[in-house]
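**Q** Sending over structure-v2.cif (mmCIF, C-alpha atoms).
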data_input
#
loop_
_atom_site.group_PDB
_atom_site.id
_atom_site.type_symbol
_atom_site.label_atom_id
_atom_site.label_comp_id
_atom_site.auth_asym_id
_atom_site.auth_seq_id
_atom_site.Cartn_x
_atom_site.Cartn_y
_atom_site.Cartn_z
ATOM 1 C CA MET A 1473 -14.390 8.383 -2.926
ATOM 2 C CA ASN A 1474 -10.944 6.800 -2.799
ATOM 3 C CA THR A 1475 -11.406 3.412 -1.142
ATOM 4 C CA PHE A 1476 -7.787 2.313 -1.306
ATOM 5 C CA GLY A 1477 -6.763 0.674 1.946
ATOM 6 C CA LEU A 1478 -10.120 1.215 3.683
ATOM 7 C CA TYR A 1479 -11.771 -1.536 5.707
ATOM 8 C CA HIS A 1480 -14.263 -3.641 3.759
ATOM 9 C CA PRO A 1481 -16.746 -5.302 6.149
ATOM 10 C CA GLY A 1482 -17.105 -9.055 5.825
ATOM 11 C CA THR A 1483 -17.341 -12.392 7.618
ATOM 12 C CA SER A 1484 -14.624 -14.318 5.786
ATOM 13 C CA VAL A 1485 -11.876 -16.305 7.482
ATOM 14 C CA LEU A 1486 -9.410 -13.477 6.896
ATOM 15 C CA HIS A 1487 -11.774 -10.966 8.458
ATOM 16 C CA ARG A 1488 -11.963 -13.101 11.613
ATOM 17 C CA VAL A 1489 -8.196 -13.526 12.031
ATOM 18 C CA PRO A 1490 -6.868 -11.164 14.767
ATOM 19 C CA ALA A 1491 -4.918 -8.137 13.576
ATOM 20 C CA GLY A 1492 -1.615 -9.101 15.235
ATOM 21 C CA PRO A 1493 -1.163 -12.569 13.697
ATOM 22 C CA LYS A 1494 -2.454 -11.279 10.375
ATOM 23 C CA LEU A 1495 0.179 -8.522 10.261
ATOM 24 C CA VAL A 1496 2.976 -10.919 11.235
ATOM 25 C CA VAL A 1497 1.988 -13.610 8.723
ATOM 26 C CA THR A 1498 1.510 -11.093 5.908
ATOM 27 C CA ALA A 1499 4.903 -9.490 6.586
ATOM 28 C CA ALA A 1500 6.529 -12.931 6.649
ATOM 29 C CA ILE A 1501 4.895 -13.917 3.346
ATOM 30 C CA ILE A 1502 6.053 -10.693 1.690
ATOM 31 C CA VAL A 1503 9.624 -11.234 2.931
ATOM 32 C CA VAL A 1504 9.653 -14.860 1.752
ATOM 33 C CA LEU A 1505 8.280 -13.908 -1.659
ATOM 34 C CA SER A 1506 10.814 -11.096 -2.044
ATOM 35 C CA LEU A 1507 13.622 -13.560 -1.349
ATOM 36 C CA TRP A 1508 12.134 -16.381 -3.445
ATOM 37 C CA ILE A 1509 11.150 -14.549 -6.638
ATOM 38 C CA ARG A 1510 14.248 -14.517 -8.828
ATOM 39 C CA GLN A 1511 12.824 -15.629 -12.200
ATOM 40 C CA PRO A 1512 9.905 -14.175 -14.199
ATOM 41 C CA TRP A 1513 7.923 -17.436 -14.031
ATOM 42 C CA GLN A 1514 8.002 -17.297 -10.223
ATOM 43 C CA VAL A 1515 5.864 -14.157 -10.309
ATOM 44 C CA LEU A 1516 2.887 -16.256 -11.470
ATOM 45 C CA PRO A 1517 2.591 -18.492 -8.343
ATOM 46 C CA ALA A 1518 2.957 -15.399 -6.152
ATOM 47 C CA ALA A 1519 0.187 -13.648 -8.088
ATOM 48 C CA VAL A 1520 -2.003 -16.755 -7.802
ATOM 49 C CA LEU A 1521 -1.466 -16.691 -4.028
ATOM 50 C CA ALA A 1522 -2.671 -13.075 -3.916
ATOM 51 C CA VAL A 1523 -5.715 -13.918 -6.072
ATOM 52 C CA ILE A 1524 -6.620 -16.826 -3.783
ATOM 53 C CA ALA A 1525 -6.293 -14.600 -0.719
ATOM 54 C CA TYR A 1526 -8.606 -11.959 -2.222
ATOM 55 C CA THR A 1527 -11.067 -14.674 -3.227
ATOM 56 C CA VAL A 1528 -11.106 -16.165 0.275
ATOM 57 C CA ALA A 1529 -11.666 -12.671 1.718
ATOM 58 C CA ARG A 1530 -14.536 -12.152 -0.775
ATOM 59 C CA ILE A 1531 -13.206 -8.790 -1.938
ATOM 60 C CA PRO A 1532 -15.114 -7.511 -5.016
ATOM 61 C CA LEU A 1533 -13.154 -7.261 -8.259
ATOM 62 C CA ARG A 1534 -13.785 -3.509 -8.503
ATOM 63 C CA LEU A 1535 -12.298 -2.974 -5.059
ATOM 64 C CA THR A 1536 -9.329 -5.189 -5.936
ATOM 65 C CA VAL A 1537 -8.574 -3.052 -8.989
ATOM 66 C CA ILE A 1538 -8.733 0.089 -6.843
ATOM 67 C CA GLN A 1539 -6.037 -1.332 -4.554
ATOM 68 C CA LEU A 1540 -3.608 -1.712 -7.452
ATOM 69 C CA ARG A 1541 -4.443 1.342 -9.539
ATOM 70 C CA PRO A 1542 -2.457 3.905 -7.481
ATOM 71 C CA ILE A 1543 0.856 2.135 -8.167
ATOM 72 C CA VAL A 1544 0.389 1.667 -11.929
ATOM 73 C CA TRP A 1545 2.432 4.750 -12.804
ATOM 74 C CA MET A 1546 5.200 3.789 -10.390
ATOM 75 C CA LEU A 1547 5.362 0.263 -11.808
ATOM 76 C CA ALA A 1548 5.457 1.631 -15.346
ATOM 77 C CA PHE A 1549 8.381 3.917 -14.477
ATOM 78 C CA VAL A 1550 10.288 1.261 -12.497
ATOM 79 C CA GLY A 1551 9.618 -1.382 -15.136
ATOM 80 C CA ALA A 1552 10.854 0.820 -17.985
ATOM 81 C CA PHE A 1553 13.990 1.738 -16.043
ATOM 82 C CA GLN A 1554 14.775 -1.873 -15.115
ATOM 83 C CA TRP A 1555 14.133 -3.029 -18.682
ATOM 84 C CA VAL A 1556 16.699 -0.554 -20.024
ATOM 85 C CA VAL A 1557 19.270 -1.132 -17.278
ATOM 86 C CA ALA A 1558 18.931 -4.850 -16.475
ATOM 87 C CA GLY A 1559 16.632 -6.382 -19.104
ATOM 88 C CA TRP A 1560 12.991 -7.428 -19.279
ATOM 89 C CA GLU A 1561 13.396 -10.407 -16.948
ATOM 90 C CA ARG A 1562 14.586 -8.210 -14.086
ATOM 91 C CA ALA A 1563 11.795 -5.732 -14.838
ATOM 92 C CA VAL A 1564 9.161 -8.482 -14.541
ATOM 93 C CA VAL A 1565 10.664 -9.756 -11.268
ATOM 94 C CA ILE A 1566 10.837 -6.305 -9.645
ATOM 95 C CA CYS A 1567 7.406 -5.105 -10.794
ATOM 96 C CA GLY A 1568 5.754 -8.452 -10.079
ATOM 97 C CA SER A 1569 7.189 -8.570 -6.556
ATOM 98 C CA LEU A 1570 6.054 -4.998 -5.849
ATOM 99 C CA LEU A 1571 2.575 -5.678 -7.206
ATOM 100 C CA VAL A 1572 2.079 -8.798 -5.070
ATOM 101 C CA ALA A 1573 3.475 -7.089 -1.956
ATOM 102 C CA VAL A 1574 1.167 -4.087 -2.332
ATOM 103 C CA ALA A 1575 -1.823 -6.364 -3.006
ATOM 104 C CA LEU A 1576 -1.184 -8.427 0.139
ATOM 105 C CA ALA A 1577 -0.571 -5.342 2.291
ATOM 106 C CA ALA A 1578 -3.773 -3.756 0.987
ATOM 107 C CA LEU A 1579 -5.663 -6.965 1.769
ATOM 108 C CA VAL A 1580 -4.691 -6.612 5.426
ATOM 109 C CA THR A 1581 -6.198 -3.133 5.621
ATOM 110 C CA LEU A 1582 -9.295 -4.299 3.733
ATOM 111 C CA THR A 1583 -9.951 -7.101 6.218
ATOM 112 C CA THR A 1584 -8.805 -5.373 9.428
ATOM 113 C CA ARG A 1585 -10.397 -2.444 11.232
ATOM 114 C CA MET A 1586 -7.991 0.424 11.786
ATOM 115 C CA THR A 1587 -8.670 0.387 15.535
ATOM 116 C CA ASP A 1588 -7.770 -3.307 15.750
ATOM 117 C CA MET A 1589 -4.589 -2.696 13.784
ATOM 118 C CA LEU A 1590 -3.650 0.222 16.011
ATOM 119 C CA ASP A 1591 -4.255 -1.834 19.172
ATOM 120 C CA ALA A 1592 -2.085 -4.655 17.837
ATOM 121 C CA ILE A 1593 0.760 -2.305 16.940
ATOM 122 C CA VAL A 1594 0.623 -0.492 20.285
ATOM 123 C CA SER A 1595 0.595 -3.812 22.177
ATOM 124 C CA ALA A 1596 3.589 -5.092 20.232
ATOM 125 C CA ALA A 1597 5.509 -1.857 20.884
ATOM 126 C CA ARG A 1598 4.863 -1.774 24.657
ATOM 127 C CA PRO A 1599 8.174 -3.531 25.558
ATOM 128 C CA LEU A 1600 9.982 -0.646 23.831
ATOM 129 C CA ARG A 1601 8.713 1.727 26.542
ATOM 130 C CA ARG A 1602 11.682 0.578 28.648
ATOM 131 C CA VAL A 1603 14.061 2.248 26.197
ATOM 132 C CA GLY A 1604 12.087 5.466 25.959
ATOM 133 C CA VAL A 1605 9.833 4.658 22.995
ATOM 134 C CA ASP A 1606 6.197 5.751 23.249
ATOM 135 C CA PRO A 1607 4.019 2.859 21.950
ATOM 136 C CA ASP A 1608 1.096 5.188 21.272
ATOM 137 C CA ARG A 1609 3.327 7.404 19.144
ATOM 138 C CA VAL A 1610 4.580 4.370 17.201
ATOM 139 C CA GLY A 1611 1.013 3.278 16.500
ATOM 140 C CA LEU A 1612 0.039 6.793 15.439
ATOM 141 C CA VAL A 1613 2.948 7.050 13.001
ATOM 142 C CA LEU A 1614 2.228 3.672 11.404
ATOM 143 C CA VAL A 1615 -1.495 4.361 11.092
ATOM 144 C CA MET A 1616 -0.751 7.775 9.557
ATOM 145 C CA THR A 1617 1.591 6.081 7.090
ATOM 146 C CA ILE A 1618 -1.157 3.662 6.058
ATOM 147 C CA ARG A 1619 -3.642 6.513 5.771
ATOM 148 C CA ALA A 1620 -1.193 8.541 3.662
ATOM 149 C CA ILE A 1621 -1.245 5.914 0.899
ATOM 150 C CA PRO A 1622 -4.853 6.540 -0.194
ATOM 151 C CA LEU A 1623 -4.350 10.289 0.246
ATOM 152 C CA LEU A 1624 -1.380 10.209 -2.124
ATOM 153 C CA GLY A 1625 -3.371 8.041 -4.517
ATOM 154 C CA ALA A 1626 -6.134 10.655 -4.466
ATOM 155 C CA VAL A 1627 -3.613 13.387 -5.317
ATOM 156 C CA VAL A 1628 -2.327 11.395 -8.305
ATOM 157 C CA THR A 1629 -5.909 10.771 -9.461
ATOM 158 C CA ARG A 1630 -6.810 14.477 -9.243
ATOM 159 C CA VAL A 1631 -3.715 15.515 -11.199
ATOM 160 C CA THR A 1632 -4.312 12.866 -13.876
ATOM 161 C CA GLU A 1633 -7.983 13.789 -14.282
ATOM 162 C CA ALA A 1634 -7.130 17.490 -14.471
ATOM 163 C CA ARG A 1635 -4.637 16.832 -17.274
ATOM 164 C CA LYS A 1636 -7.172 14.717 -19.155
ATOM 165 C CA ALA A 1637 -9.810 17.447 -18.781
ATOM 166 C CA ARG A 1638 -7.401 19.933 -20.367
ATOM 167 C CA GLY A 1639 -6.615 17.533 -23.206
ATOM 168 C CA LEU A 1640 -2.930 17.342 -22.288
ATOM 169 C CA GLY A 1641 -0.758 14.364 -23.157
ATOM 170 C CA PHE A 1642 1.370 12.372 -20.757
ATOM 171 C CA SER A 1643 4.440 14.084 -19.337
ATOM 172 C CA LEU A 1644 6.373 12.624 -16.421
ATOM 173 C CA ARG A 1645 7.535 16.041 -15.217
ATOM 174 C CA ALA A 1646 4.065 17.536 -15.522
ATOM 175 C CA LEU A 1647 2.734 14.642 -13.448
ATOM 176 C CA VAL A 1648 5.437 14.527 -10.773
ATOM 177 C CA VAL A 1649 5.594 18.248 -9.956
ATOM 178 C CA PRO A 1650 1.871 18.725 -9.128
ATOM 179 C CA VAL A 1651 1.830 15.415 -7.230
ATOM 180 C CA VAL A 1652 4.807 16.457 -5.083
ATOM 181 C CA VAL A 1653 3.235 19.862 -4.398
ATOM 182 C CA GLY A 1654 -0.089 18.236 -3.532
ATOM 183 C CA ALA A 1655 1.621 15.700 -1.257
ATOM 184 C CA LEU A 1656 3.471 18.498 0.580
ATOM 185 C CA MET A 1657 0.248 20.451 1.033
ATOM 186 C CA THR A 1658 -1.485 17.332 2.387
ATOM 187 C CA ALA A 1659 1.414 16.670 4.775
ATOM 188 C CA GLU A 1660 1.285 20.288 5.982
ATOM 189 C CA ALA A 1661 -2.461 20.025 6.617
ATOM 190 C CA MET A 1662 -1.969 16.789 8.579
ATOM 191 C CA GLY A 1663 0.815 18.416 10.604
ATOM 192 C CA GLU A 1664 -1.383 21.388 11.454
ATOM 193 C CA ALA A 1665 -4.209 19.041 12.508
ATOM 194 C CA LEU A 1666 -1.851 17.118 14.808
ATOM 195 C CA ALA A 1667 -0.457 20.348 16.267
ATOM 196 C CA ALA A 1668 -3.989 21.563 16.959
ATOM 197 C CA ARG A 1669 -4.537 18.366 18.969
ATOM 198 C CA GLY A 1670 -1.338 18.792 20.967
ATOM 199 C CA VAL A 1671 0.753 16.272 19.046
ATOM 200 C CA ASP A 1672 3.436 18.737 17.992
ATOM 201 C CA ASP A 1673 6.653 17.549 19.627
#
Before anything else, please render the file you have as structure tokens.
**A**
Amino acid sequence: MNTFGLYHPGTSVLHRVPAGPKLVVTAAIIVVLSLWIRQPWQVLPAAVLAVIAYTVARIPLRLTVIQLRPIVWMLAFVGAFQWVVAGWERAVVICGSLLVAVALAALVTLTTRMTDMLDAIVSAARPLRRVGVDPDRVGLVLVMTIRAIPLLGAVVTRVTEARKARGLGFSLRALVVPVVVGALMTAEAMGEALAARGVDD
């Protein structure tokens, strides 16, 4: 079972913080870190912050690794590209920032029930009803986006395991094409499920 981004029951301080403030604070921290990290050494304090947060939330190490595993291939590709184009220092800054941001975002979903998150998002979007925005639709889209992350991770895992079972070596094209096809099939299935429930406009 892919447990990326799924709620992990607990009684820690982070589990008890309401969904709304938790989302706002986490988003603010990610923005501040993205603006502050400009040198490779600055990645270390940011990573320490993420480690402390996971420790306070009492998230098991195995579950922590699962949160980061789906983006390993993306970080490898981005890091290699940045190394060639802008040098190793820029590669460390970009990949380190992405890693910390994903870890903190995943921690929110690990310590927050999806229903609480949806309620917080819908409540925050209610003032937008005056300009024709449906708060329930906004909440649905954001929750679907969060849910799509583990689904995409599962697709990448299936493709990687299938290649290993066939004894095939690494090939970026051979990895990307099946993942894109699998992602499109998953999106089509989700669209059909929404249409069957009347959410088709």
**Q** Starting from the PyMOL selection byres ((chain A and resi 1539) around 9), expand the selection into actual residues of this file and give them as a list of chain:residue names.
**A**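 That selection, the PyMOL selection byres ((chain A and resi 1539) around 9), comes back as A:Thr1475, A:Phe1476, A:Gly1477, A:Arg1534, A:Leu1535, A:Thr1536, A:Val1537, A:Ile1538, A:Leu1540, A:Arg1541, A:Pro1542, A:Ile1543, A:Val1574, A:Ala1575, A:Ala1578, A:Leu1579.
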**Q** To test your reading of the syntax: which residues would the PyMOL selection byres ((chain A and resi 1597) around 12) return for the file shown? Reply as a list in words.
**A** Gly1492, Leu1590, Asp1591, Ala1592, Ile1593, Val1594, Ser1595, Ala1596, Arg1598, Pro1599, Leu1600, Arg1601, Arg1602, Val1603, Gly1604, Val1605, Asp1606, Pro1607, Asp1608, Arg1609, Val1610, Gly1611, Leu1612 and Leu1614 of chain A
**Q** Check the smallest atom-to-atom distance from each of A:Cys1567, A:Ile1501, A:Ala1529, A:Met1657 to Trp1555 of chain A using all atoms listed in the file, then report the winner.
**A**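 The shortest atom-to-atom distance to Trp1555 of chain A comes from A:Cys1567.
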**Q** Hey, what comes out of the PyMOL selection byres ((chain A and resi 1546) around 12) on this file? Could you write it as a list in words?
**A**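 On the file shown, the PyMOL selection byres ((chain A and resi 1546) around 12) covers Leu1540, Arg1541, Pro1542, Ile1543, Val1544, Trp1545, Leu1547, Ala1548, Phe1549, Val1550, Gly1551, Ala1552, Phe1553, Ile1566, Cys1567, Leu1570, Leu1571, Val1574, Gly1625, Val1628, Leu1644, Leu1647 and Val1648 of chain A.
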**Q** When you draw a straight line from atom CA of Glu1561 of chain A to atom CA of Gln1511 of chain A, how long is it in Å?
**A** 7.1 Å
**Q** Please determine, counting only C-alpha atoms, which residue among A:Val1496, A:Ala1522, A:Met1586, A:Ile1502 has the shortest atom-to-atom distance to His1480 of chain A.
**A** A:Met1586
**Q** Which of these residues is nearest to Ala1499 of chain A, using all atoms listed in the file: A:Thr1527, A:Val1580, A:Asp1588, A:Ala1563?
**A**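 Looking only at the distances to Ala1499 of chain A, the closest residue turns out to be A:Val1580.
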**Q** Grab the atom CA of Glu1633 of chain A to atom CA of Gly1568 of chain A distance for me, in Å with one decimal place.
**A**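 Spanning atom CA of Glu1633 of chain A to atom CA of Gly1568 of chain A is a straight-line distance of 26.5 Å.
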**Q** Using all atoms listed in the file, can you tell me which of A:Met1589, A:Leu1576, A:Ala1637, A:Val1564 comes closest to Leu1516 of chain A?
**A**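 For Leu1516 of chain A, the nearest of the candidates is A:Val1564.
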**Q** For a quick check of understanding, using only C-alpha atoms, which of A:Val1651, A:Leu1533, A:Leu1507, A:Leu1478 has the smallest distance to Thr1584 of chain A?
**A**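 Among the listed residues, A:Leu1478 lies closest to Thr1584 of chain A.
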**Q** Using all atoms listed in the file, find the one residue out of A:Thr1632, A:Val1613, A:Leu1582, A:Val1653 that sits nearest to Pro1532 of chain A.
**A**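 Of all the options, A:Leu1582 lies closest to Pro1532 of chain A.
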**Q** In Å, how far is it from atom CA of Arg1585 of chain A to atom CA of Arg1488 of chain A?
**A**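 Going from atom CA of Arg1585 of chain A over to atom CA of Arg1488 of chain A covers 10.8 Å.
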